[in-house]
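Undergrad: One structure, pasted below without further comment.
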Amino acid sequence: MLCRDEILQIFRELGALHEGHFLLTSGRHSARYLQCAQVLKHPDTAARLCRSLAEEVQEKELDLCVGPALGGIIVAYEMGRSLGVPAVFTEREEEKMTLRRGFSVEPGQKVLVVEDVVTTGGSVREVMEVVRQAGGLVTEVAVLVDRSGGSLAFDVPLRSLLSLTVESYMPEKCPQCRRGLPLVKPGSRK
């Protein structure tokens with residue numbers, strides 16, 4: 001298992017930690033942003049991080065890993081490889097999270113839901129709902145980075161490789177907006 005300082009060092013060295021004024025996928029604003037794509041674009045690093053995260057997963061008899069596009073695709077793949085199970089991803093179709101490309105979840109399958117970064121957990125909850133509607137059993141959630149500092153709760157255990165308390169704000173309460181700083185939208189959703 002990688003320690004917190006090692007993980008932070010990886011993120012810093014690969015240019016994944018940013019300071020400024022950012023629009024998060026959740027619609028909230030933040031002065032800090034983690035661009036996991038800068039880390040995950042390095043296959044050896046992605047594999048190393050996900051192997052370390054896989055060690056934290058308690059349910060070892062899984063059938064499938066599922067993550068949301070885009071951020072969860074590489075994480076799902078590497079977690080699936082580490083755990084020895086197939087990996088698929090969900091996508092948005094007409095603003096609704098869904099399984100496409102012939103992907104499916106079979107009734108009774110034990111599923112690990114994964115993501116690169118969570119702040120509010122919205123995308124993860126949508127993936128969990130897709131899995132459950134198909135009859136799958138969500139056993140745990142595993143993420144590379146939990147930006148809530150551990151305050152985020154699901155109805156299954158949450159495992160994270162790195163937990164940070166990074167403040168985020170509704171736009172009307174954002175200090176960067178009040179200071180007139182330009183808003184940057186680095187995430188994957190339009």
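FYI, nothing fancy with the structure tokens labels: chains A, B, ... in order, residues from 1 per chain, ligands from 1 as they appear.
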Set the distance at 10 Å and use only C-alpha atoms: which residues neighbour Glu61 of chain A once local chain neighbours fewer than 3 positions away are removed? I'd like the list as number ranges by chain.
TA: A: 58, 64, 83-85, 109-111, 139
Undergrad: Hey, what's within 10 Å of Arg100 of chain A if we count only C-alpha atoms and toss same-chain stuff fewer than 2 positions away? As an mmCIF file with C-alpha atoms, in the first residue's frame, please?
TA:
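Below is the file selection-v7.cif, written as the result:
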```
data_model
loop_
_atom_site.group_PDB
_atom_site.id
_atom_site.type_symbol
_atom_site.label_atom_id
_atom_site.label_comp_id
_atom_site.auth_asym_id
_atom_site.auth_seq_id
_atom_site.Cartn_x
_atom_site.Cartn_y
_atom_site.Cartn_z
ATOM 1 C CA VAL A 88 -17.055 -1.853 -17.803
ATOM 2 C CA PHE A 89 -18.165 1.763 -17.721
ATOM 3 C CA THR A 90 -21.353 3.765 -17.809
ATOM 4 C CA GLU A 91 -21.964 6.766 -20.040
ATOM 5 C CA ARG A 92 -24.430 9.594 -20.200
ATOM 6 C CA GLU A 93 -27.103 9.244 -22.823
ATOM 7 C CA MET A 97 -26.210 7.444 -16.825
ATOM 8 C CA THR A 98 -26.525 4.128 -18.624
ATOM 9 C CA GLY A 102 -23.198 -4.167 -25.070
ATOM 10 C CA PHE A 103 -22.087 -3.836 -21.442
ATOM 11 C CA SER A 104 -24.381 -5.353 -18.844
#
```
Undergrad: Here is a test: counting only C-alpha atoms, which residue of A:Pro107, A:Gly20, A:Gly15, A:Pro68 is nearest to His42 of chain A?
TA: A:Gly15
Undergrad: Identify, on the basis of only C-alpha atoms, every residue whose closest approach to Arg32 of chain A does not exceed 7 Å; exclude the query and any residue fewer than 6 positions from it along the same chain; express the result as a list in words.
TA: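 The neighbour list is His18, Glu19, Gly20 and Val166 of chain A.
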Undergrad: Write the residues of the selection above to a file with N, CA and C atoms, as a tab-separated table (two decimals), in the first residue's frame.
TA:
```tsv
chain	number	residue	atom	x	y	z
A	18	HIS	N	-3.76	21.43	-8.97
A	18	HIS	CA	-3.85	22.78	-9.53
A	18	HIS	C	-4.49	23.74	-8.53
A	19	GLU	N	-4.06	24.99	-8.58
A	19	GLU	CA	-4.63	26.06	-7.76
A	19	GLU	C	-5.26	27.10	-8.69
A	20	GLY	N	-6.38	27.67	-8.29
A	20	GLY	CA	-7.06	28.67	-9.12
A	20	GLY	C	-8.53	28.78	-8.76
A	166	VAL	N	-10.87	19.37	0.61
A	166	VAL	CA	-10.74	20.46	-0.35
A	166	VAL	C	-12.08	21.16	-0.38
```
Undergrad: Given the choices A:Asp63, A:Ile7, A:Tyr33, A:Val143, which gets closest to Glu167 of chain A if the distance is worked out from only C-alpha atoms?
TA: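 The answer is A:Tyr33, which sits nearest to Glu167 of chain A.
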Undergrad: Residues within 12 Å of Ile10 of chain A, please, as a list in words. Count only C-alpha atoms; anything in the same chain fewer than 3 positions from it doesn't count.
TA: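 Listing them by chain and then by number gives Leu2, Cys3, Arg4, Asp5, Glu6, Ile7, Glu13, Leu14, Gly15, Ala16, Leu17, Leu34, Cys36, Gln38, Val39, Leu40, His42, Asp44, Thr45, Ala46, Arg48, Leu49 and Leu162 of chain A.
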Undergrad: Keeping only N, CA and C atoms, write the selected residues to a file as a tab-separated table (two decimals), in the first residue's frame.
TA:
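What landed in selection_28.tsv:
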```tsv
chain	number	residue	atom	x	y	z
A	2	LEU	N	0.58	2.14	-0.90
A	2	LEU	CA	1.30	3.41	-0.93
A	2	LEU	C	0.85	4.29	0.22
A	3	CYS	N	1.76	5.05	0.79
A	3	CYS	CA	1.39	5.96	1.87
A	3	CYS	C	0.93	7.30	1.27
A	4	ARG	N	0.25	8.08	2.09
A	4	ARG	CA	-0.31	9.37	1.68
A	4	ARG	C	0.74	10.28	1.04
A	5	ASP	N	1.91	10.39	1.65
A	5	ASP	CA	2.95	11.27	1.12
A	5	ASP	C	3.44	10.82	-0.26
A	6	GLU	N	3.54	9.50	-0.45
A	6	GLU	CA	3.94	8.98	-1.77
A	6	GLU	C	2.91	9.32	-2.83
A	7	ILE	N	1.65	9.19	-2.48
A	7	ILE	CA	0.57	9.47	-3.44
A	7	ILE	C	0.55	10.96	-3.78
A	13	GLU	N	4.30	15.60	-8.85
A	13	GLU	CA	5.31	15.41	-9.90
A	13	GLU	C	4.69	15.33	-11.29
A	14	LEU	N	3.49	14.78	-11.37
A	14	LEU	CA	2.84	14.61	-12.68
A	14	LEU	C	1.90	15.76	-13.03
A	15	GLY	N	1.93	16.83	-12.25
A	15	GLY	CA	1.15	18.03	-12.57
A	15	GLY	C	-0.35	17.86	-12.42
A	16	ALA	N	-0.77	17.08	-11.46
A	16	ALA	CA	-2.19	16.82	-11.28
A	16	ALA	C	-2.86	17.69	-10.23
A	17	LEU	N	-2.09	18.43	-9.43
A	17	LEU	CA	-2.66	19.32	-8.42
A	17	LEU	C	-2.62	20.75	-8.94
A	34	LEU	N	-7.88	18.55	-8.72
A	34	LEU	CA	-7.03	17.39	-9.00
A	34	LEU	C	-7.40	16.85	-10.37
A	36	CYS	N	-6.85	13.97	-12.31
A	36	CYS	CA	-6.36	12.59	-12.28
A	36	CYS	C	-5.91	12.11	-13.65
A	38	GLN	N	-3.95	13.46	-15.59
A	38	GLN	CA	-2.50	13.69	-15.70
A	38	GLN	C	-1.70	12.56	-15.04
A	39	VAL	N	-2.29	11.90	-14.09
A	39	VAL	CA	-1.66	10.76	-13.44
A	39	VAL	C	-1.97	9.47	-14.20
A	40	LEU	N	-3.24	9.31	-14.58
A	40	LEU	CA	-3.69	8.08	-15.22
A	40	LEU	C	-3.16	7.91	-16.64
A	42	HIS	N	-0.23	7.83	-17.44
A	42	HIS	CA	0.99	7.04	-17.29
A	42	HIS	C	0.60	5.62	-16.87
A	44	ASP	N	2.05	2.78	-16.09
A	44	ASP	CA	2.68	2.15	-14.93
A	44	ASP	C	2.21	2.78	-13.63
A	45	THR	N	2.03	4.10	-13.64
A	45	THR	CA	1.55	4.80	-12.44
A	45	THR	C	0.10	4.44	-12.16
A	46	ALA	N	-0.74	4.42	-13.21
A	46	ALA	CA	-2.15	4.05	-13.04
A	46	ALA	C	-2.25	2.65	-12.44
A	48	ARG	N	0.00	1.03	-10.69
A	48	ARG	CA	0.53	1.03	-9.31
A	48	ARG	C	-0.50	1.59	-8.33
A	49	LEU	N	-1.12	2.72	-8.68
A	49	LEU	CA	-2.12	3.33	-7.81
A	49	LEU	C	-3.32	2.41	-7.62
A	162	LEU	N	-6.54	8.23	-1.40
A	162	LEU	CA	-6.14	9.51	-0.84
A	162	LEU	C	-7.40	10.27	-0.44
```
Undergrad: From the DSSP assignment of the backbone, select every residue of segment 19-106 of chain A that is alpha helix (DSSP H), and format the answer as an mmCIF file with C-alpha atoms, in the first residue's frame.
TA:
```
data_model
loop_
_atom_site.group_PDB
_atom_site.id
_atom_site.type_symbol
_atom_site.label_atom_id
_atom_site.label_comp_id
_atom_site.auth_asym_id
_atom_site.auth_seq_id
_atom_site.Cartn_x
_atom_site.Cartn_y
_atom_site.Cartn_z
ATOM 1 C CA ALA A 37 -6.031 12.267 -16.061
ATOM 2 C CA GLN A 38 -2.502 13.685 -15.697
ATOM 3 C CA VAL A 39 -1.656 10.755 -13.440
ATOM 4 C CA LEU A 40 -3.687 8.078 -15.217
ATOM 5 C CA PRO A 43 0.121 3.318 -17.497
ATOM 6 C CA ASP A 44 2.679 2.148 -14.932
ATOM 7 C CA THR A 45 1.553 4.802 -12.444
ATOM 8 C CA ALA A 46 -2.149 4.051 -13.037
ATOM 9 C CA ALA A 47 -1.487 0.351 -12.472
ATOM 10 C CA ARG A 48 0.530 1.033 -9.314
ATOM 11 C CA LEU A 49 -2.125 3.332 -7.806
ATOM 12 C CA CYS A 50 -4.980 0.975 -8.628
ATOM 13 C CA ARG A 51 -3.102 -2.066 -7.288
ATOM 14 C CA SER A 52 -2.665 -0.165 -4.050
ATOM 15 C CA LEU A 53 -6.362 0.757 -3.980
ATOM 16 C CA ALA A 54 -7.343 -2.847 -4.777
ATOM 17 C CA GLU A 55 -5.516 -3.931 -1.618
ATOM 18 C CA GLU A 56 -8.003 -1.819 0.363
ATOM 19 C CA GLY A 71 -12.776 9.546 -15.187
ATOM 20 C CA GLY A 72 -13.708 6.056 -14.052
ATOM 21 C CA ILE A 73 -12.808 4.178 -17.239
ATOM 22 C CA ILE A 74 -9.085 3.714 -16.591
ATOM 23 C CA VAL A 75 -9.677 3.194 -12.878
ATOM 24 C CA ALA A 76 -12.272 0.477 -13.619
ATOM 25 C CA TYR A 77 -9.937 -1.224 -16.080
ATOM 26 C CA GLU A 78 -6.934 -1.203 -13.734
ATOM 27 C CA MET A 79 -9.007 -2.217 -10.709
ATOM 28 C CA GLY A 80 -10.526 -5.051 -12.749
ATOM 29 C CA ARG A 81 -7.058 -6.178 -13.759
ATOM 30 C CA SER A 82 -5.802 -6.023 -10.158
ATOM 31 C CA LEU A 83 -8.821 -7.918 -8.833
#
```
Undergrad: From the options A:Gly27, A:Pro171, A:Pro157, A:Pro182, which residue's atoms come nearest to Val138 of chain A, counting only C-alpha atoms?
TA: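 When distances to Val138 of chain A are compared using only C-alpha atoms, the smallest one comes from A:Pro157.
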Undergrad: Determine, counting only C-alpha atoms, which protein, DNA and RNA residues have an atom within 9 Å of an atom of Met128 of chain A; residues of the same chain fewer than 4 positions away are not included. Present the result as a PDB file with C-alpha atoms, in the first residue's frame.
TA:
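Writing the result to selection10.pdb gives the following:
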```pdb
ATOM      1  CA  VAL A  66     -17.998  -0.452 -13.016  1.00  0.00           C
ATOM      2  CA  VAL A 113     -18.143   0.827  -8.243  1.00  0.00           C
ATOM      3  CA  SER A 123     -21.667  10.272 -10.502  1.00  0.00           C
ATOM      4  CA  VAL A 124     -20.932   7.332  -8.205  1.00  0.00           C
ATOM      5  CA  ARG A 132     -28.937  -1.915  -8.861  1.00  0.00           C
ATOM      6  CA  GLN A 133     -31.587  -1.417 -11.536  1.00  0.00           C
ATOM      7  CA  GLY A 136     -26.409  -6.176  -9.421  1.00  0.00           C
ATOM      8  CA  LEU A 137     -25.208  -5.974  -5.831  1.00  0.00           C
ATOM      9  CA  VAL A 138     -22.951  -2.996  -5.107  1.00  0.00           C
ATOM     10  CA  VAL A 141     -17.087   2.043  -3.704  1.00  0.00           C
TER      11      VAL A 141
END
```
Undergrad: Atom CA of Leu164 of chain A and atom CA of Leu23 of chain A, how far apart in Å?
TA: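 Separation between atom CA of Leu23 of chain A and atom CA of Leu164 of chain A: 17.7 Å.
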Undergrad: Could you pull out the strand (DSSP E or B) residues of segment 75-179 of chain A from DSSP and send them as a ChimeraX atom specification?
TA: /A:87-93,96-99,110-118,137-146,148,158-163,165,168-169
